[in-house]
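Structure data (mmCIF, C-alpha atoms) from upload-v1.cif:
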```cif
data_structure
loop_
_atom_site.label_atom_id
_atom_site.label_comp_id
_atom_site.auth_asym_id
_atom_site.auth_seq_id
_atom_site.Cartn_x
_atom_site.Cartn_y
_atom_site.Cartn_z
CA MET G 9 122.17 76.46 111.55
CA SER G 10 118.90 77.03 109.69
CA ALA G 11 118.61 79.72 107.04
CA THR G 12 117.11 83.11 107.84
CA TYR G 13 114.83 84.36 105.08
CA VAL G 14 114.75 88.14 104.84
CA PHE G 15 112.79 90.41 102.53
CA PRO G 16 114.64 93.75 102.65
CA GLY G 17 113.78 97.07 101.06
CA SER G 18 113.02 100.71 101.62
CA PHE G 19 109.28 99.99 101.16
CA CYS G 20 108.54 103.68 101.01
CA PRO G 21 105.69 102.94 101.18
CA PRO G 22 104.86 99.20 101.14
CA THR G 23 102.52 98.46 98.25
CA TYR G 24 100.24 95.63 97.19
CA GLY G 25 103.10 94.53 94.93
CA HIS G 26 105.43 94.13 97.90
CA PHE G 27 102.64 92.41 99.80
CA GLN G 28 102.09 89.86 97.03
CA THR G 29 105.81 89.00 96.96
CA LEU G 30 105.77 88.61 100.73
CA ARG G 31 102.75 86.29 100.64
CA LYS G 32 104.49 84.07 98.07
CA ALA G 33 107.61 83.93 100.23
CA ALA G 34 105.58 83.14 103.35
CA ILE G 35 104.08 80.10 101.63
CA MET G 36 107.53 78.83 100.66
CA PHE G 37 109.43 79.40 103.92
CA GLY G 38 108.78 78.76 107.59
CA HIS G 39 109.45 82.32 108.72
CA VAL G 40 110.13 85.49 106.76
CA VAL G 41 111.53 88.71 108.18
CA VAL G 42 110.69 91.96 106.39
CA ILE G 43 113.46 94.51 106.98
CA CYS G 44 112.72 98.18 106.29
CA SER G 45 115.76 100.32 105.55
CA THR G 46 116.75 103.62 103.96
CA ASN G 47 118.23 103.55 100.48
CA PRO G 48 121.01 106.18 100.45
CA GLN G 49 120.83 106.34 96.65
CA LYS G 50 117.24 107.57 96.82
CA HIS G 51 116.41 111.12 97.81
CA ASP G 52 112.64 110.77 98.03
CA ASN G 53 112.32 108.74 101.22
CA TRP G 54 108.95 109.98 102.44
CA PHE G 55 108.89 107.70 105.47
CA THR G 56 111.45 106.53 108.01
CA PRO G 57 112.11 102.77 108.34
CA GLN G 58 110.19 102.85 111.63
CA GLU G 59 107.20 104.43 109.88
CA CYS G 60 107.38 101.83 107.12
CA VAL G 61 107.26 99.06 109.73
CA ARG G 62 104.00 100.57 110.99
CA LEU G 63 102.60 100.86 107.46
CA TRP G 64 103.38 97.22 106.74
CA HIS G 65 100.97 96.28 109.53
CA SER G 66 98.08 97.81 107.57
CA TYR G 67 98.19 94.66 105.41
CA ASP G 68 96.92 91.22 106.40
CA LEU G 69 100.33 89.81 107.20
CA PRO G 70 100.74 86.01 107.33
CA GLU G 71 101.36 84.58 110.80
CA ASN G 72 104.88 83.47 109.89
CA VAL G 73 105.99 87.02 109.00
CA SER G 74 107.64 89.60 111.22
CA VAL G 75 108.53 93.18 110.26
CA GLN G 76 111.57 95.06 111.57
CA TYR G 77 113.65 98.09 110.72
CA PHE G 78 117.29 97.75 109.70
CA GLY G 79 119.58 97.20 112.70
CA GLN G 80 116.80 96.19 115.05
CA GLN G 81 118.23 92.67 115.25
CA LYS G 82 121.57 91.13 114.28
CA TYR G 83 121.77 88.11 111.98
CA ASP G 84 124.46 85.66 110.94
CA LEU G 85 124.78 86.97 107.38
CA SER G 86 126.30 83.73 106.18
CA GLN G 87 122.95 82.07 106.95
CA VAL G 88 120.80 84.77 105.38
CA THR G 89 118.77 84.03 102.25
CA MET G 90 117.65 87.28 100.68
CA ILE G 91 114.23 87.42 99.01
CA ARG G 92 113.91 89.79 96.07
CA GLY G 93 110.76 90.69 94.16
CA LEU G 94 110.92 91.19 90.39
CA ARG G 95 108.39 92.79 88.08
CA GLU G 96 110.03 91.83 84.79
CA VAL G 97 113.04 89.95 83.41
CA SER G 98 114.83 93.19 82.47
CA GLU G 99 115.43 93.85 86.18
CA MET G 100 117.84 90.90 86.41
CA ASP G 101 120.80 92.99 85.27
CA TYR G 102 120.29 95.29 88.23
CA GLU G 103 119.74 92.30 90.51
CA GLN G 104 123.13 90.94 89.50
CA GLN G 105 124.68 94.18 90.73
CA VAL G 106 122.77 93.87 94.01
CA MET G 107 123.99 90.31 94.51
CA ASP G 108 127.60 91.24 93.72
CA PHE G 109 127.49 94.15 96.17
CA ASN G 110 125.96 92.11 99.00
CA ARG G 111 128.39 89.27 98.41
CA GLN G 112 131.41 91.58 98.61
CA GLU G 113 130.19 93.79 101.47
CA PHE G 114 128.23 91.38 103.67
CA GLY G 115 129.03 87.85 102.52
CA ILE G 116 125.43 87.14 101.50
CA ASN G 117 125.43 84.45 98.83
CA ASN G 118 121.91 83.07 98.88
CA TYR G 119 118.99 84.61 97.00
CA VAL G 120 115.44 83.79 96.03
CA HIS G 121 113.92 85.85 93.23
CA LEU G 122 110.12 85.89 92.99
CA PHE G 123 108.34 87.32 89.96
CA CYS G 124 105.10 89.16 90.62
CA ASP G 125 101.87 88.27 88.86
CA PRO G 126 101.11 90.36 85.74
CA GLU G 127 98.45 92.47 87.46
CA PHE G 128 101.07 93.73 89.93
CA SER G 129 103.82 94.46 87.40
CA GLN G 130 103.11 98.20 87.21
CA ILE G 131 102.83 98.72 90.96
CA SER G 132 105.71 100.49 92.68
CA SER G 133 106.31 102.78 95.64
CA SER G 134 107.41 105.61 93.38
CA ARG G 135 104.23 105.33 91.31
CA ALA G 136 102.09 105.32 94.48
CA ARG G 137 103.84 108.53 95.61
CA GLN G 138 103.22 110.10 92.18
CA LEU G 139 99.52 109.25 92.29
CA ALA G 140 99.21 110.72 95.77
CA THR G 141 101.09 113.86 94.73
CA LYS G 142 98.75 114.40 91.78
CA LEU G 143 95.73 113.47 93.94
CA GLU G 144 94.71 110.80 91.44
CA LEU G 145 92.52 109.32 94.13
CA GLU G 146 90.69 106.80 91.95
CA LYS G 147 93.93 104.97 91.06
CA LEU G 148 95.54 104.96 94.49
CA PRO G 149 93.56 101.95 95.86
CA GLN G 150 95.17 99.71 93.21
CA TYR G 151 98.57 100.39 94.76
CA VAL G 152 98.29 100.64 98.54
CA SER G 153 96.11 99.80 101.53
CA PRO G 154 93.70 102.41 102.93
CA LEU G 155 95.97 103.28 105.86
CA VAL G 156 98.97 103.68 103.56
CA ALA G 157 96.79 105.96 101.43
CA SER G 158 96.14 108.00 104.60
CA ALA G 159 99.86 108.35 105.23
CA LEU G 160 100.63 109.32 101.62
CA LEU G 161 97.88 111.93 101.43
CA GLU G 162 98.87 113.45 104.77
CA LYS G 163 102.38 113.92 103.38
CA VAL G 164 101.13 115.46 100.14
CA LEU G 165 98.63 117.77 101.83
CA GLN G 166 101.07 118.58 104.66
CA ALA G 167 98.23 117.69 107.01
CA LYS G 168 98.45 116.69 110.64
CA LYS G 169 95.70 114.11 110.20
CA LEU G 170 93.28 113.13 107.45
CA PHE G 171 89.96 111.63 108.55
CA LEU G 172 86.97 110.14 106.73
CA VAL G 173 83.76 111.04 108.59
CA VAL G 174 80.78 108.71 108.07
CA GLY G 175 77.33 108.13 109.54
CA LYS G 176 73.62 107.98 108.81
CA PRO G 177 71.51 111.03 107.84
CA GLY G 178 70.37 112.89 110.95
CA SER G 179 73.24 111.45 112.97
CA GLY G 180 74.74 114.83 113.91
CA LYS G 181 77.80 114.73 111.64
CA SER G 182 77.42 118.29 110.37
CA THR G 183 76.64 119.65 113.84
CA TRP G 184 79.72 117.98 115.34
CA LEU G 185 81.95 119.07 112.47
CA LYS G 186 80.71 122.67 112.68
CA GLN G 187 81.59 122.74 116.36
CA LEU G 188 84.95 121.11 115.77
CA CYS G 189 85.94 123.32 112.86
CA GLN G 190 85.25 126.52 114.75
CA ILE G 191 88.56 125.65 116.37
CA ASP G 192 91.65 126.80 114.45
CA GLY G 193 93.59 124.04 112.72
CA ASN G 194 90.59 121.89 111.79
CA TYR G 195 89.22 121.91 108.23
CA TRP G 196 85.97 120.35 107.00
CA VAL G 197 85.53 119.07 103.44
CA ASP G 198 81.74 118.84 103.11
CA THR G 199 81.10 116.67 100.06
CA ASP G 200 77.34 117.25 100.39
CA GLN G 201 78.06 120.69 98.93
CA PHE G 202 79.23 119.09 95.68
CA SER G 203 75.58 118.55 94.72
CA GLU G 204 75.12 122.25 93.96
CA GLN G 205 78.16 122.30 91.69
CA LEU G 206 77.00 119.17 89.88
CA LYS G 207 73.54 120.56 89.06
CA PRO G 208 74.39 121.88 85.56
CA MET G 209 75.74 118.48 84.55
CA LEU G 210 72.72 116.72 86.06
CA ARG G 211 70.29 118.99 84.20
CA GLN G 212 72.08 118.34 80.93
CA LYS G 213 72.25 114.57 81.47
CA PHE G 214 68.91 113.85 83.16
CA GLY G 215 66.78 116.92 82.54
CA ARG G 216 66.61 117.77 86.26
CA ASP G 217 69.13 118.42 89.01
CA ASP G 218 67.90 116.89 92.28
CA LEU G 219 70.79 114.51 93.01
CA VAL G 220 69.08 112.69 95.87
CA GLU G 221 65.89 112.09 93.91
CA LEU G 222 67.79 111.01 90.82
CA TYR G 223 70.02 108.65 92.79
CA LEU G 224 67.04 106.93 94.41
CA GLU G 225 65.48 106.38 90.97
CA GLN G 226 68.60 105.57 88.89
CA PRO G 227 71.51 104.79 91.23
CA GLU G 228 73.80 103.11 88.70
CA GLN G 229 73.28 105.70 85.95
CA VAL G 230 73.73 108.63 88.33
CA THR G 231 76.85 107.12 89.91
CA ALA G 232 78.43 106.61 86.48
CA ALA G 233 77.55 110.16 85.41
CA ILE G 234 78.87 112.02 88.47
CA LYS G 235 81.88 109.83 89.30
CA ASP G 236 84.60 111.76 87.45
CA PRO G 237 83.38 115.30 88.20
CA TRP G 238 82.77 114.31 91.84
CA PHE G 239 86.35 113.10 92.24
CA ASP G 240 87.59 116.26 90.53
CA LEU G 241 85.72 118.34 93.11
CA LEU G 242 87.13 116.23 95.94
CA GLY G 243 90.68 116.60 94.63
CA GLN G 244 90.30 120.35 94.27
CA SER G 245 88.83 120.63 97.76
CA LEU G 246 91.78 118.73 99.22
CA LYS G 247 94.23 120.97 97.35
CA ASN G 248 92.61 123.97 99.01
CA THR G 249 93.01 122.66 102.56
CA PRO G 250 95.31 124.74 104.79
CA VAL G 251 98.77 123.37 105.52
CA ASN G 252 99.32 121.79 108.94
CA SER G 253 95.62 121.24 109.59
CA ASN G 254 93.46 118.30 110.60
CA ILE G 255 91.27 117.50 107.58
CA PHE G 256 87.82 115.97 108.00
CA VAL G 257 86.30 114.63 104.77
CA GLU G 258 82.60 114.05 105.36
CA ILE G 259 81.17 111.31 103.13
CA ALA G 260 78.11 109.91 104.89
CA TYR G 261 78.01 106.71 102.83
CA GLY G 262 81.80 106.26 102.90
CA LEU G 263 81.64 102.72 104.32
CA ALA G 264 78.70 101.49 102.22
CA GLU G 265 79.59 98.24 100.48
CA ASP G 266 79.09 99.67 96.98
CA LYS G 267 81.15 102.81 97.69
CA GLN G 268 84.04 102.02 100.10
CA MET G 269 85.33 105.58 99.98
CA PHE G 270 88.02 104.76 102.55
CA ARG G 271 89.98 103.31 99.64
CA PHE G 272 90.37 106.80 98.18
CA VAL G 273 90.73 109.11 101.19
CA GLY G 274 92.30 106.75 103.70
CA GLY G 275 91.53 104.32 106.47
CA GLN G 276 91.27 106.67 109.48
CA VAL G 277 87.51 106.67 109.97
CA ILE G 278 85.32 108.61 112.41
CA TYR G 279 81.79 107.25 112.83
CA VAL G 280 79.40 109.95 114.04
CA GLY G 281 75.95 108.81 115.11
CA CYS G 282 73.31 108.23 117.74
CA ASP G 283 72.73 104.70 116.37
CA ASP G 284 68.98 105.08 116.90
CA SER G 285 67.03 104.94 113.64
CA LYS G 286 63.96 106.62 115.18
CA GLN G 287 66.08 109.48 116.44
CA ASN G 288 67.72 109.77 113.02
CA LEU G 289 64.31 109.96 111.35
CA ASP G 290 63.02 112.52 113.87
CA ARG G 291 66.06 114.71 113.28
CA ILE G 292 65.58 114.46 109.50
CA ASP G 293 61.98 115.68 109.95
CA GLN G 294 63.12 118.50 112.23
CA ARG G 295 65.61 119.80 109.68
CA GLY G 296 63.12 119.49 106.83
CA THR G 297 64.93 117.01 104.58
CA PRO G 298 62.51 114.04 104.32
CA GLU G 299 64.16 113.01 101.03
CA HIS G 300 67.09 111.68 103.08
CA LYS G 301 64.99 109.12 104.98
CA PRO G 302 65.58 106.24 102.51
CA PHE G 303 69.32 106.48 103.19
CA VAL G 304 68.97 105.72 106.91
CA ASP G 305 68.79 101.99 106.16
CA ARG G 306 71.33 102.09 103.33
CA ILE G 307 74.23 103.54 105.31
CA PRO G 308 75.94 101.27 107.88
CA GLY G 309 75.31 101.93 111.56
CA TRP G 310 77.90 101.32 114.26
CA THR G 311 77.72 97.52 114.08
CA GLY G 312 78.06 97.52 110.31
CA THR G 313 80.86 100.07 110.51
CA VAL G 314 82.83 97.83 112.88
CA GLN G 315 82.40 94.91 110.48
CA VAL G 316 83.79 96.95 107.58
CA ALA G 317 86.69 98.17 109.74
CA LYS G 318 87.58 94.59 110.68
CA LYS G 319 87.40 93.40 107.09
CA HIS G 320 89.64 96.16 105.73
CA GLN G 321 91.85 96.81 108.79
CA LEU G 322 90.75 100.40 109.24
CA LYS G 323 91.29 102.63 112.26
CA LEU G 324 87.99 103.63 113.80
CA LEU G 325 86.72 106.26 116.24
CA ASN G 326 83.16 106.55 117.55
CA VAL G 327 81.45 109.87 118.33
CA ASP G 328 78.12 109.27 120.08
CA THR G 329 75.67 112.07 119.28
CA ALA G 330 72.69 110.78 121.27
CA GLY G 331 73.02 113.56 123.86
CA SER G 332 72.27 117.28 123.83
CA LEU G 333 73.89 120.01 121.75
CA ALA G 334 75.92 121.00 124.83
CA ASP G 335 77.17 117.39 125.08
CA LEU G 336 78.20 117.53 121.42
CA GLU G 337 80.08 120.79 121.97
CA ARG G 338 81.97 119.25 124.88
CA GLN G 339 82.85 116.22 122.75
CA ALA G 340 84.23 118.48 120.03
CA GLU G 341 86.38 120.34 122.59
CA GLN G 342 87.65 117.07 124.09
CA PHE G 343 88.42 115.65 120.65
CA ASN G 344 90.36 118.78 119.76
CA LEU G 345 92.39 118.44 122.96
CA LEU G 346 93.29 114.88 121.97
CA LEU G 347 94.37 116.10 118.52
CA GLY G 348 96.60 118.65 120.19
CA GLN G 349 98.37 115.88 122.06
CA GLY G 350 100.11 114.75 118.88
CA GLY G 351 97.50 112.33 117.62
CA ALA G 352 97.13 110.24 120.79
CA LEU G 353 93.63 109.22 119.75
CA PRO G 354 91.63 106.27 121.16
CA TRP G 355 91.59 104.35 117.90
CA LYS G 356 89.87 101.02 117.65
CA THR G 357 92.09 98.81 115.51
CA PHE G 358 91.19 95.42 114.14
CA SER G 359 92.81 92.29 112.81
CA PRO G 360 91.07 90.82 109.77
CA GLU G 361 88.38 88.24 110.44
#
```
Here is a file; write its structure as structure tokens.
Amino acid sequence: MSATYVFPGSFCPPTYGHFQTLRKAAIMFGHVVVICSTNPQKHDNWFTPQECVRLWHSYDLPENVSVQYFGQQKYDLSQVTMIRGLREVSEMDYEQQVMDFNRQEFGINNYVHLFCDPEFSQISSSRARQLATKLELEKLPQYVSPLVASALLEKVLQAKKLFLVVGKPGSGKSTWLKQLCQIDGNYWVDTDQFSEQLKPMLRQKFGRDDLVELYLEQPEQVTAAIKDPWFDLLGQSLKNTPVNSNIFVEIAYGLAEDKQMFRFVGGQVIYVGCDDSKQNLDRIDQRGTPEHKPFVDRIPGWTGTVQVAKKHQLKLLNVDTAGSLADLERQAEQFNLLLGQGGALPWKTFSPE
């Protein structure tokens, strides 16, 4: 009989470190089975094995890899070769204990130990959970995929769902969110409001406080100046969200190539827009914010949004705002009904190109 190569673990959650080990194993062996289980010695299992199976699929898994939860399928343990990932040589003492236990309890004698590359040596599930707990959003993308970040932050915030809302200026995002968040249980984090709180810092740094104007003139300098205080404001806003709510974080440029905000607030993305540049520009004139016109071409439309979602394996919803205000109100009511059905949302999901 041929050997069965298994990569077992609690993977709570699966990280880029686990993913790198898996990719190495997939190159070496014809087929690798990832097995998600619960470690009874750990008391901080945030996710069930079934949930961890789902989270594994947020990574670009090689074709010769399958992911299961413990007990889903029986194996001839005498033919099993267990794959173990190591971050440093000092872990070998513990690995010897693991091998002794599995030999005595299950008759597993064959092991492959794969050392991670240096840049992954500090990555662990426990560290990813710590970063999420402390809302250290800027560091989280080094550890986990966007959809795993979504799952972690939902746990920390005790949220039903956490969404990133994107779209061009004049697309109707604020109108749709206002309608939606009149309904109990929905909470809107409007990052546009951060501009007012950043004005004192902008005046001190640049001598004036118009963030839009400054960004158009000095994008790199302004981004560097506001980055840390902006993330502090976002973290504080998330801390203030009500428990058991659906959280909508509006960042219009969240999918722009130079921002990629889904890395920090998660990969469940709602695109709100009419996808008509003329209509966007007319709406900007109607609301009296002509300074936003240059951003219409800088923020991805629906086609660009789909391309980003495919590249990074994001979940994507589309809210078409081309209709009337009454149409938008009905869409908000319908969306809220879907949320009330336990998250049975019409996600568009993508495999990487």
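Between CA of Lys147 (chain G) and CA of Pro126 (chain G) there is a distance of 17.1 Å.
Here CA of Val314 (chain G) and CA of Pro298 (chain G) stand 27.4 Å from one another.
The space separating CA of Tyr83 (chain G) from CA of Leu63 (chain G) comes to 23.5 Å.
Considering only C-alpha atoms, the residue among G:Val327, G:Val88, G:Cys124, G:Arg111 positioned nearest to Phe27 (chain G) is G:Cys124.
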Tell me which residues the PyMOL selection byres ((chain G and resi 289) around 12) grabs here, as number ranges by chain.
G: 176-180, 282-288, 290-305
Translate the PyMOL selection byres ((chain G and resi 150-162) around 7) into a concrete residue list for this structure, as a PyMOL selection string.
chain G and resi 23-24+63+66-67+131+136-137+140+147-149+163-170+270-271+273-276+322
Take the residues from that selection and put them in a file with C-alpha atoms, as a PDB file, in the frame of the given file.
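Saved result, out-v8.pdb, follows:
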```pdb
ATOM      1  CA  THR G  23     102.520  98.460  98.250  1.00  0.00           C
ATOM      2  CA  TYR G  24     100.240  95.630  97.190  1.00  0.00           C
ATOM      3  CA  LEU G  63     102.600 100.860 107.460  1.00  0.00           C
ATOM      4  CA  SER G  66      98.080  97.810 107.570  1.00  0.00           C
ATOM      5  CA  TYR G  67      98.190  94.660 105.410  1.00  0.00           C
ATOM      6  CA  ILE G 131     102.830  98.720  90.960  1.00  0.00           C
ATOM      7  CA  ALA G 136     102.090 105.320  94.480  1.00  0.00           C
ATOM      8  CA  ARG G 137     103.840 108.530  95.610  1.00  0.00           C
ATOM      9  CA  ALA G 140      99.210 110.720  95.770  1.00  0.00           C
ATOM     10  CA  LYS G 147      93.930 104.970  91.060  1.00  0.00           C
ATOM     11  CA  LEU G 148      95.540 104.960  94.490  1.00  0.00           C
ATOM     12  CA  PRO G 149      93.560 101.950  95.860  1.00  0.00           C
ATOM     13  CA  LYS G 163     102.380 113.920 103.380  1.00  0.00           C
ATOM     14  CA  VAL G 164     101.130 115.460 100.140  1.00  0.00           C
ATOM     15  CA  LEU G 165      98.630 117.770 101.830  1.00  0.00           C
ATOM     16  CA  GLN G 166     101.070 118.580 104.660  1.00  0.00           C
ATOM     17  CA  ALA G 167      98.230 117.690 107.010  1.00  0.00           C
ATOM     18  CA  LYS G 168      98.450 116.690 110.640  1.00  0.00           C
ATOM     19  CA  LYS G 169      95.700 114.110 110.200  1.00  0.00           C
ATOM     20  CA  LEU G 170      93.280 113.130 107.450  1.00  0.00           C
ATOM     21  CA  PHE G 270      88.020 104.760 102.550  1.00  0.00           C
ATOM     22  CA  ARG G 271      89.980 103.310  99.640  1.00  0.00           C
ATOM     23  CA  VAL G 273      90.730 109.110 101.190  1.00  0.00           C
ATOM     24  CA  GLY G 274      92.300 106.750 103.700  1.00  0.00           C
ATOM     25  CA  GLY G 275      91.530 104.320 106.470  1.00  0.00           C
ATOM     26  CA  GLN G 276      91.270 106.670 109.480  1.00  0.00           C
ATOM     27  CA  LEU G 322      90.750 100.400 109.240  1.00  0.00           C
TER      28      LEU G 322
END
```
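Matched in the shown structure by the PyMOL selection byres ((chain G and resi 308) around 8): Gly175, Lys176, Tyr261, Leu263, Ala264, Asp305, Arg306, Ile307, Gly309, Trp310, Thr311, Gly312 and Thr313 of chain G.
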I'd like the contact shell of Asn118 (chain G) - 12 Å cut-off, only C-alpha atoms, skipping same-chain residues fewer than 6 positions apart - returned as a ChimeraX atom specification.
/G:11-14,85-92,106-108,110-111
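Distances from G:Lys181, G:Arg211, G:Glu146, G:Asp218 to Trp238 (chain G) were compared using all atoms listed in the file, and the smallest one belongs to G:Glu146.
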List as a list of chain:residue names the protein and nucleic acid residues near Phe19 (chain G), meaning an atom at most 7 Å away when all atoms listed in the file are counted, but skip any in the same chain fewer than 2 places from it.
G:Gly17, G:Pro21, G:Pro22, G:Cys44, G:Cys60, G:Ser133
Set the distance at 6 Å and use only C-alpha atoms: which residues neighbour Val41 (chain G) once local chain neighbours fewer than 2 positions away are removed? I'd like the list as a PyMOL selection string.
chain G and resi 14+73-75
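Minimum distance to Lys356 (chain G) across G:Lys323, G:His65, G:Lys247, G:Arg31 (counting only C-alpha atoms) occurs at G:Lys323.
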Using only C-alpha atoms, what residues lie at most 7 Å away from (82.4, 123.2, 119.7) (file coordinates), given as a ChimeraX atom specification?
/G:187-188,190,337-338,340-341
If we count all atoms listed in the file and set the cut-off at 10 Å, which residues sit around region 234-237 of chain G, ignoring sequence neighbours fewer than 3 positions away in its own chain? Please answer as an mmCIF file with C-alpha atoms, keeping the file's coordinate frame.
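To be explicit, this is the file written out as result_8.cif:
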```cif
data_model
loop_
_atom_site.group_PDB
_atom_site.id
_atom_site.type_symbol
_atom_site.label_atom_id
_atom_site.label_comp_id
_atom_site.auth_asym_id
_atom_site.auth_seq_id
_atom_site.Cartn_x
_atom_site.Cartn_y
_atom_site.Cartn_z
ATOM 1 C CA GLU G 146 90.690 106.800 91.950
ATOM 2 C CA PHE G 202 79.230 119.090 95.680
ATOM 3 C CA SER G 203 75.580 118.550 94.720
ATOM 4 C CA GLN G 205 78.160 122.300 91.690
ATOM 5 C CA LEU G 206 77.000 119.170 89.880
ATOM 6 C CA MET G 209 75.740 118.480 84.550
ATOM 7 C CA LEU G 210 72.720 116.720 86.060
ATOM 8 C CA LYS G 213 72.250 114.570 81.470
ATOM 9 C CA LEU G 219 70.790 114.510 93.010
ATOM 10 C CA GLN G 229 73.280 105.700 85.950
ATOM 11 C CA VAL G 230 73.730 108.630 88.330
ATOM 12 C CA THR G 231 76.850 107.120 89.910
ATOM 13 C CA ASP G 240 87.590 116.260 90.530
ATOM 14 C CA LEU G 241 85.720 118.340 93.110
ATOM 15 C CA LEU G 242 87.130 116.230 95.940
ATOM 16 C CA GLY G 243 90.680 116.600 94.630
#
```
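Counting all atoms listed in the file, Gln342 (chain G) has the following residues at most 12 Å away, ignoring those fewer than 6 positions along the same chain: Trp184, Gln187, Leu188, Ile191, Val327, Asp335, Leu336, Gly348, Gln349, Leu353 and Pro354 of chain G.
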Could you add whatever atoms are missing so that region 194-213 of chain G carries N, CA and C atoms, then write the result as an mmCIF file, in the frame of the given file?
```
data_model
loop_
_atom_site.group_PDB
_atom_site.id
_atom_site.type_symbol
_atom_site.label_atom_id
_atom_site.label_comp_id
_atom_site.auth_asym_id
_atom_site.auth_seq_id
_atom_site.Cartn_x
_atom_site.Cartn_y
_atom_site.Cartn_z
ATOM 1 N N ASN G 194 91.453 122.960 112.259
ATOM 2 C CA ASN G 194 90.590 121.890 111.790
ATOM 3 C C ASN G 194 89.863 122.360 110.535
ATOM 4 N N TYR G 195 89.798 121.516 109.519
ATOM 5 C CA TYR G 195 89.220 121.910 108.230
ATOM 6 C C TYR G 195 88.254 120.831 107.765
ATOM 7 N N TRP G 196 87.064 121.257 107.365
ATOM 8 C CA TRP G 196 85.970 120.350 107.000
ATOM 9 C C TRP G 196 85.749 120.378 105.492
ATOM 10 N N VAL G 197 85.889 119.219 104.846
ATOM 11 C CA VAL G 197 85.530 119.070 103.440
ATOM 12 C C VAL G 197 84.134 118.450 103.396
ATOM 13 N N ASP G 198 83.134 119.274 103.093
ATOM 14 C CA ASP G 198 81.740 118.840 103.110
ATOM 15 C C ASP G 198 81.338 118.428 101.702
ATOM 16 N N THR G 199 81.390 117.135 101.415
ATOM 17 C CA THR G 199 81.100 116.670 100.060
ATOM 18 C C THR G 199 79.625 116.794 99.705
ATOM 19 N N ASP G 200 78.750 117.007 100.712
ATOM 20 C CA ASP G 200 77.340 117.250 100.390
ATOM 21 C C ASP G 200 77.191 118.505 99.531
ATOM 22 N N GLN G 201 78.132 119.435 99.680
ATOM 23 C CA GLN G 201 78.060 120.690 98.930
ATOM 24 C C GLN G 201 78.379 120.500 97.444
ATOM 25 N N PHE G 202 78.924 119.341 97.096
ATOM 26 C CA PHE G 202 79.230 119.090 95.680
ATOM 27 C C PHE G 202 77.961 119.042 94.835
ATOM 28 N N SER G 203 76.839 118.697 95.473
ATOM 29 C CA SER G 203 75.580 118.550 94.720
ATOM 30 C C SER G 203 75.248 119.826 93.959
ATOM 31 N N GLU G 204 75.444 120.975 94.593
ATOM 32 C CA GLU G 204 75.120 122.250 93.960
ATOM 33 C C GLU G 204 75.980 122.472 92.720
ATOM 34 N N GLN G 205 77.253 122.098 92.816
ATOM 35 C CA GLN G 205 78.160 122.300 91.690
ATOM 36 C C GLN G 205 77.922 121.297 90.560
ATOM 37 N N LEU G 206 77.287 120.185 90.896
ATOM 38 C CA LEU G 206 77.000 119.170 89.880
ATOM 39 C C LEU G 206 75.668 119.397 89.166
ATOM 40 N N LYS G 207 74.884 120.365 89.621
ATOM 41 C CA LYS G 207 73.540 120.560 89.060
ATOM 42 C C LYS G 207 73.536 120.822 87.553
ATOM 43 N N PRO G 208 74.418 121.675 87.012
ATOM 44 C CA PRO G 208 74.390 121.880 85.560
ATOM 45 C C PRO G 208 74.591 120.591 84.765
ATOM 46 N N MET G 209 75.493 119.755 85.229
ATOM 47 C CA MET G 209 75.740 118.480 84.550
ATOM 48 C C MET G 209 74.532 117.565 84.679
ATOM 49 N N LEU G 210 73.899 117.558 85.851
ATOM 50 C CA LEU G 210 72.720 116.720 86.060
ATOM 51 C C LEU G 210 71.565 117.160 85.167
ATOM 52 N N ARG G 211 71.362 118.473 85.056
ATOM 53 C CA ARG G 211 70.290 118.990 84.200
ATOM 54 C C ARG G 211 70.516 118.588 82.755
ATOM 55 N N GLN G 212 71.771 118.688 82.327
ATOM 56 C CA GLN G 212 72.080 118.340 80.930
ATOM 57 C C GLN G 212 71.906 116.849 80.681
ATOM 58 N N LYS G 213 72.277 116.023 81.654
ATOM 59 C CA LYS G 213 72.250 114.570 81.470
ATOM 60 C C LYS G 213 70.862 113.976 81.702
#
```
